[in-house]
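> Contents of structure37.cif (mmCIF, C-alpha atoms):
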```
data_query
#
loop_
_atom_site.label_atom_id
_atom_site.label_comp_id
_atom_site.auth_asym_id
_atom_site.auth_seq_id
_atom_site.Cartn_x
_atom_site.Cartn_y
_atom_site.Cartn_z
CA MET A 30 -125.59 20.72 -47.77
CA ALA A 31 -124.60 19.81 -51.32
CA THR A 32 -127.19 19.96 -54.07
CA LYS A 33 -128.60 16.61 -55.21
CA HIS A 34 -128.60 15.94 -58.92
CA GLY A 35 -131.11 13.64 -60.59
CA ALA A 36 -129.52 11.45 -63.26
CA ARG A 37 -131.29 11.60 -66.60
CA PRO A 38 -129.44 9.76 -69.38
CA ARG A 39 -130.06 11.06 -72.88
CA SER A 40 -130.15 8.96 -76.01
CA LYS A 41 -127.53 9.06 -78.74
CA ALA A 42 -125.64 6.62 -80.92
CA ASN A 43 -123.98 3.66 -79.21
CA LEU A 44 -120.87 4.52 -77.22
CA SER A 45 -117.61 2.63 -77.01
CA ALA A 46 -117.37 0.16 -74.14
CA GLU A 47 -114.86 2.32 -72.25
CA LEU A 48 -116.85 5.56 -72.56
CA GLN A 49 -120.11 3.76 -71.74
CA LYS A 50 -118.49 2.39 -68.59
CA GLU A 51 -117.48 5.86 -67.37
CA CYS A 52 -120.86 7.34 -68.32
CA THR A 53 -122.75 4.62 -66.44
CA ALA A 54 -120.57 5.13 -63.38
CA ILE A 55 -121.28 8.88 -63.36
CA LEU A 56 -125.03 8.33 -63.76
CA ASP A 57 -125.09 5.75 -60.95
CA LEU A 58 -123.17 8.10 -58.63
CA LEU A 59 -125.51 10.98 -59.43
CA ALA A 60 -128.48 8.77 -58.60
CA ASN A 61 -126.94 7.78 -55.28
CA GLU A 62 -128.36 9.44 -52.19
CA GLU A 63 -124.83 10.02 -50.86
CA ASP A 64 -122.55 12.81 -52.10
CA GLU A 65 -119.97 11.10 -54.29
CA HIS A 66 -118.64 14.19 -56.03
CA TRP A 67 -115.00 13.10 -55.81
CA GLN A 68 -115.74 9.77 -57.49
CA ILE A 69 -117.70 11.56 -60.23
CA GLY A 70 -114.66 13.77 -60.77
CA VAL A 71 -112.40 10.72 -61.09
CA HIS A 72 -114.58 9.23 -63.84
CA TYR A 73 -114.86 12.59 -65.61
CA ASN A 74 -111.05 12.99 -65.55
CA ARG A 75 -110.68 9.59 -67.19
CA ILE A 76 -112.93 10.77 -70.02
CA VAL A 77 -110.88 13.95 -70.42
CA ASP A 78 -107.40 12.40 -70.10
CA GLY A 79 -108.21 9.48 -72.37
CA ARG A 80 -110.04 11.72 -74.88
CA LEU A 81 -112.82 9.14 -74.87
CA ALA A 82 -115.49 11.64 -75.94
CA GLN A 83 -113.51 12.75 -79.00
CA ALA A 84 -112.85 9.13 -79.95
CA ASP A 85 -116.65 8.58 -80.07
CA GLY A 86 -117.31 11.58 -82.30
CA PHE A 87 -118.06 14.26 -79.69
CA LYS A 88 -116.32 17.62 -79.96
CA ASP A 89 -115.08 17.39 -76.37
CA ALA A 90 -116.09 16.25 -72.89
CA ARG A 91 -118.29 19.32 -72.49
CA GLU A 92 -120.49 18.27 -75.41
CA PHE A 93 -120.58 14.68 -74.19
CA ILE A 94 -121.77 15.65 -70.69
CA SER A 95 -124.42 18.03 -72.03
CA GLN A 96 -125.80 15.41 -74.44
CA ARG A 97 -125.46 12.20 -72.43
CA VAL A 98 -125.88 13.29 -68.79
CA GLY A 99 -128.90 15.32 -67.75
CA GLY A 100 -129.70 17.01 -64.47
CA VAL A 101 -126.20 18.37 -63.88
CA SER A 102 -124.24 21.06 -65.71
CA HIS A 103 -120.88 20.53 -67.29
CA GLY A 104 -119.42 23.24 -65.04
CA THR A 105 -120.43 21.25 -61.95
CA VAL A 106 -118.89 18.03 -63.26
CA GLU A 107 -115.75 19.93 -64.27
CA LEU A 108 -115.51 21.28 -60.70
CA TYR A 109 -115.72 17.73 -59.36
CA GLY A 110 -112.90 16.78 -61.72
CA ALA A 111 -110.71 19.64 -60.48
CA ILE A 112 -111.36 18.62 -56.86
CA ALA A 113 -110.48 14.99 -57.65
CA ARG A 114 -107.18 16.13 -59.18
CA ALA A 115 -106.24 18.43 -56.31
CA PHE A 116 -107.44 16.63 -53.17
CA SER A 117 -107.86 13.21 -51.63
CA GLU A 118 -111.26 11.54 -51.33
CA ASP A 119 -111.17 11.97 -47.54
CA ALA A 120 -110.64 15.73 -47.89
CA ALA A 121 -113.49 15.95 -50.41
CA LYS A 122 -115.90 14.26 -48.02
CA LYS A 123 -114.65 16.26 -45.03
CA TYR A 124 -114.97 19.77 -46.50
CA GLY A 125 -117.43 19.36 -49.37
CA SER A 126 -117.23 20.45 -52.99
CA THR A 127 -118.45 24.01 -52.38
CA LYS A 128 -115.68 24.95 -49.92
CA LEU A 129 -112.99 23.11 -51.88
CA GLY A 130 -114.12 24.81 -55.09
CA ALA A 131 -113.74 28.17 -53.34
CA LEU A 132 -110.29 27.12 -52.12
CA LEU A 133 -109.22 26.29 -55.69
CA THR A 134 -110.35 29.76 -56.77
CA TYR A 135 -108.41 31.30 -53.88
CA GLU A 136 -105.34 29.31 -54.93
CA LYS A 137 -105.50 30.68 -58.49
CA LEU A 138 -105.71 34.25 -57.22
CA THR A 139 -102.95 33.99 -54.60
CA HIS A 140 -100.74 31.16 -56.00
CA VAL A 141 -100.73 29.53 -52.56
CA ASN A 142 -99.46 25.94 -52.43
CA LEU A 143 -102.19 23.46 -51.56
CA PRO A 144 -101.43 20.11 -49.90
CA SER A 145 -102.87 17.12 -51.75
CA LYS A 146 -104.26 15.42 -48.64
CA ASP A 147 -105.85 17.72 -46.06
CA PRO A 148 -105.87 21.47 -46.87
CA GLY A 149 -107.29 22.39 -43.47
CA GLN A 150 -104.16 24.31 -42.37
CA VAL A 151 -103.97 26.54 -45.46
CA THR A 152 -104.00 30.19 -44.38
CA ILE A 153 -106.84 32.35 -45.70
CA LYS A 154 -106.83 36.14 -45.37
CA VAL A 155 -110.40 36.95 -44.36
CA PRO A 156 -111.35 40.65 -44.75
CA ASN A 157 -112.76 42.59 -41.80
CA PRO A 158 -115.40 45.35 -41.97
CA ASN A 159 -112.72 48.03 -41.38
CA GLY A 160 -110.71 46.94 -44.43
CA SER A 161 -108.04 44.94 -42.58
CA THR A 162 -107.65 41.15 -42.86
CA THR A 163 -107.49 38.32 -40.35
CA GLU A 164 -105.59 35.12 -41.08
CA LYS A 165 -107.62 31.97 -40.50
CA HIS A 166 -107.08 28.33 -41.35
CA PHE A 167 -109.21 26.99 -44.18
CA ALA A 168 -110.77 24.42 -41.84
CA ASP A 169 -112.06 27.24 -39.61
CA CYS A 170 -113.48 29.39 -42.43
CA SER A 171 -117.14 29.45 -43.33
CA ARG A 172 -118.34 29.52 -46.92
CA GLU A 173 -119.19 33.21 -46.60
CA GLU A 174 -115.72 34.02 -45.29
CA LEU A 175 -114.15 32.21 -48.24
CA LYS A 176 -116.36 34.09 -50.68
CA SER A 177 -115.48 37.37 -48.98
CA ALA A 178 -111.75 36.60 -49.23
CA ILE A 179 -112.14 35.86 -52.95
CA ARG A 180 -114.13 39.05 -53.60
CA LYS A 181 -111.39 41.14 -52.00
CA LEU A 182 -108.82 39.58 -54.34
CA HIS A 183 -110.86 40.32 -57.45
CA ARG A 184 -109.37 43.72 -58.23
CA PRO A 185 -109.59 45.20 -61.74
CA PRO A 186 -106.62 43.73 -63.64
CA LYS A 187 -104.19 45.92 -65.55
CA PRO A 188 -104.82 45.84 -69.32
CA ILE A 189 -102.58 43.54 -71.32
CA PRO A 190 -100.99 45.14 -74.44
CA VAL A 191 -102.26 44.11 -77.87
CA ASP A 192 -99.03 42.35 -78.88
CA ASP A 193 -99.05 40.25 -75.71
CA ARG A 194 -102.75 39.42 -76.16
CA ARG A 195 -101.95 38.15 -79.65
CA VAL A 196 -99.33 35.74 -78.27
CA ILE A 197 -101.60 34.61 -75.42
CA GLY A 198 -104.45 34.03 -77.86
CA ALA A 199 -102.20 31.93 -80.11
CA LEU A 200 -101.10 29.86 -77.11
CA GLN A 201 -104.69 29.25 -75.97
CA LYS A 202 -105.87 28.33 -79.46
CA THR A 203 -102.96 25.94 -80.04
CA LEU A 204 -103.51 24.33 -76.63
CA GLU A 205 -107.11 23.52 -77.57
CA GLN A 206 -106.12 22.28 -81.05
CA GLN A 207 -103.30 20.04 -79.82
CA LEU A 208 -105.08 18.62 -76.76
CA GLY A 209 -108.50 18.28 -78.34
CA SER A 210 -110.52 20.56 -76.06
CA SER A 211 -110.36 23.35 -73.50
CA GLU A 212 -110.85 20.86 -70.64
CA ALA A 213 -107.33 19.40 -70.69
CA PRO A 214 -105.61 19.80 -67.31
CA ILE A 215 -103.35 22.63 -68.49
CA SER A 216 -104.47 25.97 -67.14
CA MET A 217 -102.86 29.19 -68.35
CA HIS A 218 -103.12 32.49 -66.49
CA ALA A 219 -101.86 35.82 -67.80
CA ARG A 220 -101.47 39.01 -65.79
CA ARG A 221 -99.90 42.38 -66.36
CA GLY A 222 -97.03 43.29 -64.03
CA PRO A 223 -95.37 46.69 -63.50
CA ALA A 224 -93.43 46.51 -66.78
CA ASP A 225 -94.28 43.25 -68.52
CA THR A 226 -96.90 40.53 -68.99
CA PHE A 227 -96.51 37.27 -67.06
CA VAL A 228 -97.90 33.90 -68.15
CA VAL A 229 -98.22 31.03 -65.65
CA PHE A 230 -98.93 27.42 -66.62
CA ASN A 231 -100.37 24.94 -64.13
CA LEU A 232 -100.30 21.31 -65.26
CA PRO A 233 -99.49 17.72 -64.23
CA VAL A 234 -95.96 16.47 -64.88
CA ASN A 235 -97.10 14.07 -67.60
CA TYR A 236 -98.41 17.04 -69.62
CA LEU A 237 -95.02 18.81 -69.82
CA GLU A 238 -94.20 17.30 -73.21
CA PRO A 239 -97.54 18.35 -74.79
CA LEU A 240 -96.93 21.86 -73.44
CA ARG A 241 -93.46 21.87 -74.98
CA ASP A 242 -94.98 20.90 -78.33
CA VAL A 243 -97.51 23.74 -78.06
CA LEU A 244 -94.77 26.30 -77.36
CA ASP A 245 -92.76 24.86 -80.23
CA ILE A 246 -95.65 25.28 -82.67
CA VAL A 247 -96.53 28.83 -81.60
CA PHE A 248 -93.05 30.29 -81.60
CA ARG A 249 -91.87 28.58 -84.78
CA LYS A 250 -94.67 30.12 -86.82
CA PRO A 251 -93.84 32.74 -89.48
CA GLU A 252 -92.99 36.21 -88.21
CA ASN A 253 -96.25 37.66 -89.54
CA ILE A 254 -98.36 35.33 -87.35
CA VAL A 255 -96.60 35.50 -83.99
CA GLU A 256 -93.91 38.11 -83.65
CA LYS A 257 -90.83 36.92 -81.80
CA ARG A 258 -90.66 38.81 -78.52
CA ARG A 259 -87.26 39.63 -77.06
CA PRO A 260 -86.31 42.12 -74.35
CA GLN A 261 -85.30 45.54 -75.64
CA TRP A 262 -81.74 46.22 -74.58
CA HIS A 263 -80.55 49.82 -74.37
CA PRO A 264 -76.76 50.17 -73.86
CA GLN A 265 -75.59 53.32 -72.12
CA ARG A 266 -71.99 54.30 -71.50
CA SER A 267 -71.07 55.79 -68.12
CA LYS A 268 -68.15 58.08 -67.20
CA ASP A 269 -65.87 55.18 -66.18
CA ALA A 270 -65.97 53.69 -69.72
CA THR A 271 -68.36 50.99 -68.52
CA TRP A 272 -71.28 50.04 -70.71
CA ARG A 273 -74.48 49.50 -68.76
CA VAL A 274 -77.16 47.49 -70.49
CA ARG A 275 -80.58 48.16 -68.99
CA ASN A 276 -83.69 46.08 -69.30
CA GLY A 277 -86.48 47.31 -67.07
CA ARG A 278 -84.96 47.75 -63.61
CA SER A 279 -82.06 45.34 -64.05
CA ARG A 280 -78.58 46.47 -65.04
CA VAL A 281 -75.79 44.36 -66.48
CA GLN A 282 -72.24 45.68 -66.77
CA LYS A 283 -70.18 44.87 -69.83
CA ARG A 284 -66.52 45.93 -70.02
CA ILE A 285 -65.31 46.94 -73.45
CA VAL A 286 -61.68 46.16 -74.15
CA GLN A 287 -60.23 49.11 -76.02
CA SER A 288 -56.92 49.07 -77.79
CA GLU A 289 -54.41 51.78 -76.88
CA LYS A 290 -53.85 52.75 -80.50
CA SER A 291 -56.76 53.52 -82.74
CA VAL A 292 -56.95 51.66 -86.02
CA PRO A 293 -57.40 53.96 -89.04
CA PRO A 294 -60.36 53.11 -91.24
CA THR A 295 -59.68 51.28 -94.45
CA LEU A 296 -59.48 53.62 -97.44
CA SER A 297 -61.91 53.14 -100.25
CA THR A 298 -60.73 52.36 -103.77
CA LYS A 299 -61.44 55.93 -104.95
CA ALA A 300 -59.53 57.40 -102.02
CA ARG A 301 -56.49 55.20 -102.75
CA GLN A 302 -56.47 56.33 -106.38
CA LEU A 303 -56.58 60.00 -105.41
CA ARG A 304 -53.86 59.45 -102.83
CA SER A 305 -51.63 57.70 -105.42
CA ARG A 306 -52.08 60.55 -107.92
CA SER A 307 -51.23 63.12 -105.29
CA ARG A 308 -47.95 61.38 -104.44
CA HIS A 309 -47.09 61.07 -108.15
CA VAL A 310 -47.59 64.82 -108.73
CA THR A 311 -45.49 65.70 -105.65
CA ARG A 312 -42.55 63.61 -106.83
CA ARG A 313 -42.56 65.44 -110.17
#
```
Please rewrite the model in this file as structure tokens.


Amino acid sequence: MATKHGARPRSKANLSAELQKECTAILDLLANEEDEHWQIGVHYNRIVDGRLAQADGFKDAREFISQRVGGVSHGTVELYGAIARAFSEDAAKKYGSTKLGALLTYEKLTHVNLPSKDPGQVTIKVPNPNGSTTEKHFADCSREELKSAIRKLHRPPKPIPVDDRRVIGALQKTLEQQLGSSEAPISMHARRGPADTFVVFNLPVNYLEPLRDVLDIVFRKPENIVEKRRPQWHPQRSKDATWRVRNGRSRVQKRIVQSEKSVPPTLSTKARQLRSRSRHVTRR
């Protein structure tokens, strides 16, 4: 059963009409005896997407929730917002915020595609006591089975090199600066692969342009702030006069057209003078 939250509004300066409307709606839903987590998430997302908190002088939505809404943590409200973005209201009422929150965590770890309506048929790999796994549908999984599946996926990540961490840090900082807070619906995940670092962005379509602007800002900075990263190409010539350019495990062949006659190098000015004198002496 979901935890009930008592609504305790906290005093501050007068809010704008739009922000006050969303705040009142959240407080009323929290005071309701029924679980209206999805609706709370919808109102919270409106505050985030419209940057209503920043417009009223708050640093971000996190500060607004902590100062204006008591009895519930910002992390809980943020979870409701993520559920409202990912699932329908019917799915939220059917499975509850706890199980759907666990499913969102499982999605981040496995990159599984979640349906927007009913995620009941999503396959979850539930670990067994002997170390093997059993595939079960999300609808058939208990909360403990979901937690167990997530724990198994939490393996120690490979360390990310310093240069890559510098780029990732610049991206994260610029995202927060450009979008106003860390709660914007653009999530960035970095992981170390066998030979390189991979960055994955997860965002709504209407946030593609802001993401483009962020990438533009980061990678157009001076060289001493963010070093331009390009693959290191190492050409190597094989016996059949074919140049193989290797980058990691991939190989690209590049044929070099060679002329049949070699072209002599151009003589320097000093060499031409010496050559002219030598011919003059020989003729004498």

> Which one is closest to A:Arg97: A:Thr203, A:Gln49, A:Gln150, A:Asn159? Count all atoms listed in the file.

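Once distances to A:Arg97 are computed over all atoms listed in the file, the minimum belongs to A:Gln49.
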
> Which is closest to A:Glu136 among A:Ala168, A:Leu182, A:Leu244, A:Gln83, if we use all atoms listed in the file?

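Looking only at the distances to A:Glu136, the closest residue turns out to be A:Leu182.
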
> Just how far from atom CA of A:Ala111 is atom CA of A:Ile153, in Å to one decimal?

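Atom-to-atom, atom CA of A:Ile153 and atom CA of A:Ala111 are spaced 19.9 Å apart.
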
> When distances are computed from all atoms listed in the file, which of A:Ala60, A:Val155, A:Leu143, A:Leu138 shows the smallest separation from A:Val229?

A:Leu138

> Selected by the PyMOL selection byres ((chain A and resi 88) around 12) in the shown coordinates: which residues, as a ChimeraX atom specification?

/A:77,80-87,89-96,205-206,208-212

> Could you give me, as a PyMOL selection string, the residues within 9 Å of A:His66, counting all atoms listed in the file and dropping anything in the same chain fewer than 2 positions from it?

chain A and resi 58-59+64+68-71+106+109-110+112-113+121-122+125-126

> Which residues are near stretch 170-175 of chain A? Cut-off 9 Å, all atoms listed in the file, ignore same chain within fewer than 4 positions. Put them as an NGL selection string.

:A and (127-128 or 131-132 or 135 or 153-156 or 165-166 or 179-180)

> So which residues get picked by the PyMOL selection byres ((chain A and resi 47) around 12) here, written as number ranges by chain?

A: 43-46, 48-54, 72, 75-76, 79-82, 84-85

> Give as a CSV table (one decimal) with C-alpha atoms, in the coordinates of the input each residue that has an atom at most 9 Å from (-104.9, 23.0, -54.3) in the file, counting only C-alpha atoms.


```
chain,number,residue,atom,x,y,z
A,112,ILE,CA,-111.4,18.6,-56.9
A,114,ARG,CA,-107.2,16.1,-59.2
A,115,ALA,CA,-106.2,18.4,-56.3
A,116,PHE,CA,-107.4,16.6,-53.2
A,129,LEU,CA,-113.0,23.1,-51.9
A,132,LEU,CA,-110.3,27.1,-52.1
A,133,LEU,CA,-109.2,26.3,-55.7
A,136,GLU,CA,-105.3,29.3,-54.9
A,137,LYS,CA,-105.5,30.7,-58.5
A,141,VAL,CA,-100.7,29.5,-52.6
A,142,ASN,CA,-99.5,25.9,-52.4
A,143,LEU,CA,-102.2,23.5,-51.6
A,144,PRO,CA,-101.4,20.1,-49.9
A,145,SER,CA,-102.9,17.1,-51.8
A,148,PRO,CA,-105.9,21.5,-46.9
```

> Taking (-92.9, 26.1, -81.0) in the file's coordinates, which residues come within 12 Å, counting all atoms listed in the file, written as a PyMOL selection string?

chain A and resi 196+199-200+203-204+238-251+255+257

> Could the residues in this selection be written to a file with C-alpha atoms, as a PDB file, in the coordinates of the input?


```pdb
ATOM      1  CA  VAL A 196     -99.330  35.740 -78.270  1.00  0.00           C
ATOM      2  CA  ALA A 199    -102.200  31.930 -80.110  1.00  0.00           C
ATOM      3  CA  LEU A 200    -101.100  29.860 -77.110  1.00  0.00           C
ATOM      4  CA  THR A 203    -102.960  25.940 -80.040  1.00  0.00           C
ATOM      5  CA  LEU A 204    -103.510  24.330 -76.630  1.00  0.00           C
ATOM      6  CA  GLU A 238     -94.200  17.300 -73.210  1.00  0.00           C
ATOM      7  CA  PRO A 239     -97.540  18.350 -74.790  1.00  0.00           C
ATOM      8  CA  LEU A 240     -96.930  21.860 -73.440  1.00  0.00           C
ATOM      9  CA  ARG A 241     -93.460  21.870 -74.980  1.00  0.00           C
ATOM     10  CA  ASP A 242     -94.980  20.900 -78.330  1.00  0.00           C
ATOM     11  CA  VAL A 243     -97.510  23.740 -78.060  1.00  0.00           C
ATOM     12  CA  LEU A 244     -94.770  26.300 -77.360  1.00  0.00           C
ATOM     13  CA  ASP A 245     -92.760  24.860 -80.230  1.00  0.00           C
ATOM     14  CA  ILE A 246     -95.650  25.280 -82.670  1.00  0.00           C
ATOM     15  CA  VAL A 247     -96.530  28.830 -81.600  1.00  0.00           C
ATOM     16  CA  PHE A 248     -93.050  30.290 -81.600  1.00  0.00           C
ATOM     17  CA  ARG A 249     -91.870  28.580 -84.780  1.00  0.00           C
ATOM     18  CA  LYS A 250     -94.670  30.120 -86.820  1.00  0.00           C
ATOM     19  CA  PRO A 251     -93.840  32.740 -89.480  1.00  0.00           C
ATOM     20  CA  VAL A 255     -96.600  35.500 -83.990  1.00  0.00           C
ATOM     21  CA  LYS A 257     -90.830  36.920 -81.800  1.00  0.00           C
TER      22      LYS A 257
END
```

> Go ahead and compute the interatomic distance for atom CA of A:Asp192 and atom CA of A:Phe230, in Å to one decimal.

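For atom CA of A:Asp192 relative to atom CA of A:Phe230, the distance reads 19.3 Å.
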
> Looking at A:Ile189, A:Met217, A:His183, A:Glu107, which one is nearest to A:Lys202, with distances taken over only C-alpha atoms?

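Smallest distance to A:Lys202 is found for A:Met217.
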
> Could you tell me how far atom CA of A:Thr134 sits from atom CA of A:Val228, in Å to one decimal place?

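If I compute the distance from atom CA of A:Val228 to atom CA of A:Thr134, I get 17.4 Å.
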
> Starting from the PyMOL selection byres ((chain A and resi 220) around 12), expand the selection into actual residues of this file and give them as a list in words.

Lys137, Leu138, Arg184, Pro185, Pro186, Lys187, Pro188, Ile189, Pro190, Asp193, Arg194, Ile197, Met217, His218, Ala219, Arg221, Gly222, Pro223, Ala224, Asp225, Thr226, Phe227, Val228, Val229 and Phe230 of chain A

> Restricting the calculation to all atoms listed in the file, which member of A:Gly100, A:Asp78, A:Ile55, A:Asp119 is positioned closest to A:Pro214?

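Between A:Gly100, A:Asp78, A:Ile55, A:Asp119, the residue approaching A:Pro214 most closely is A:Asp78.
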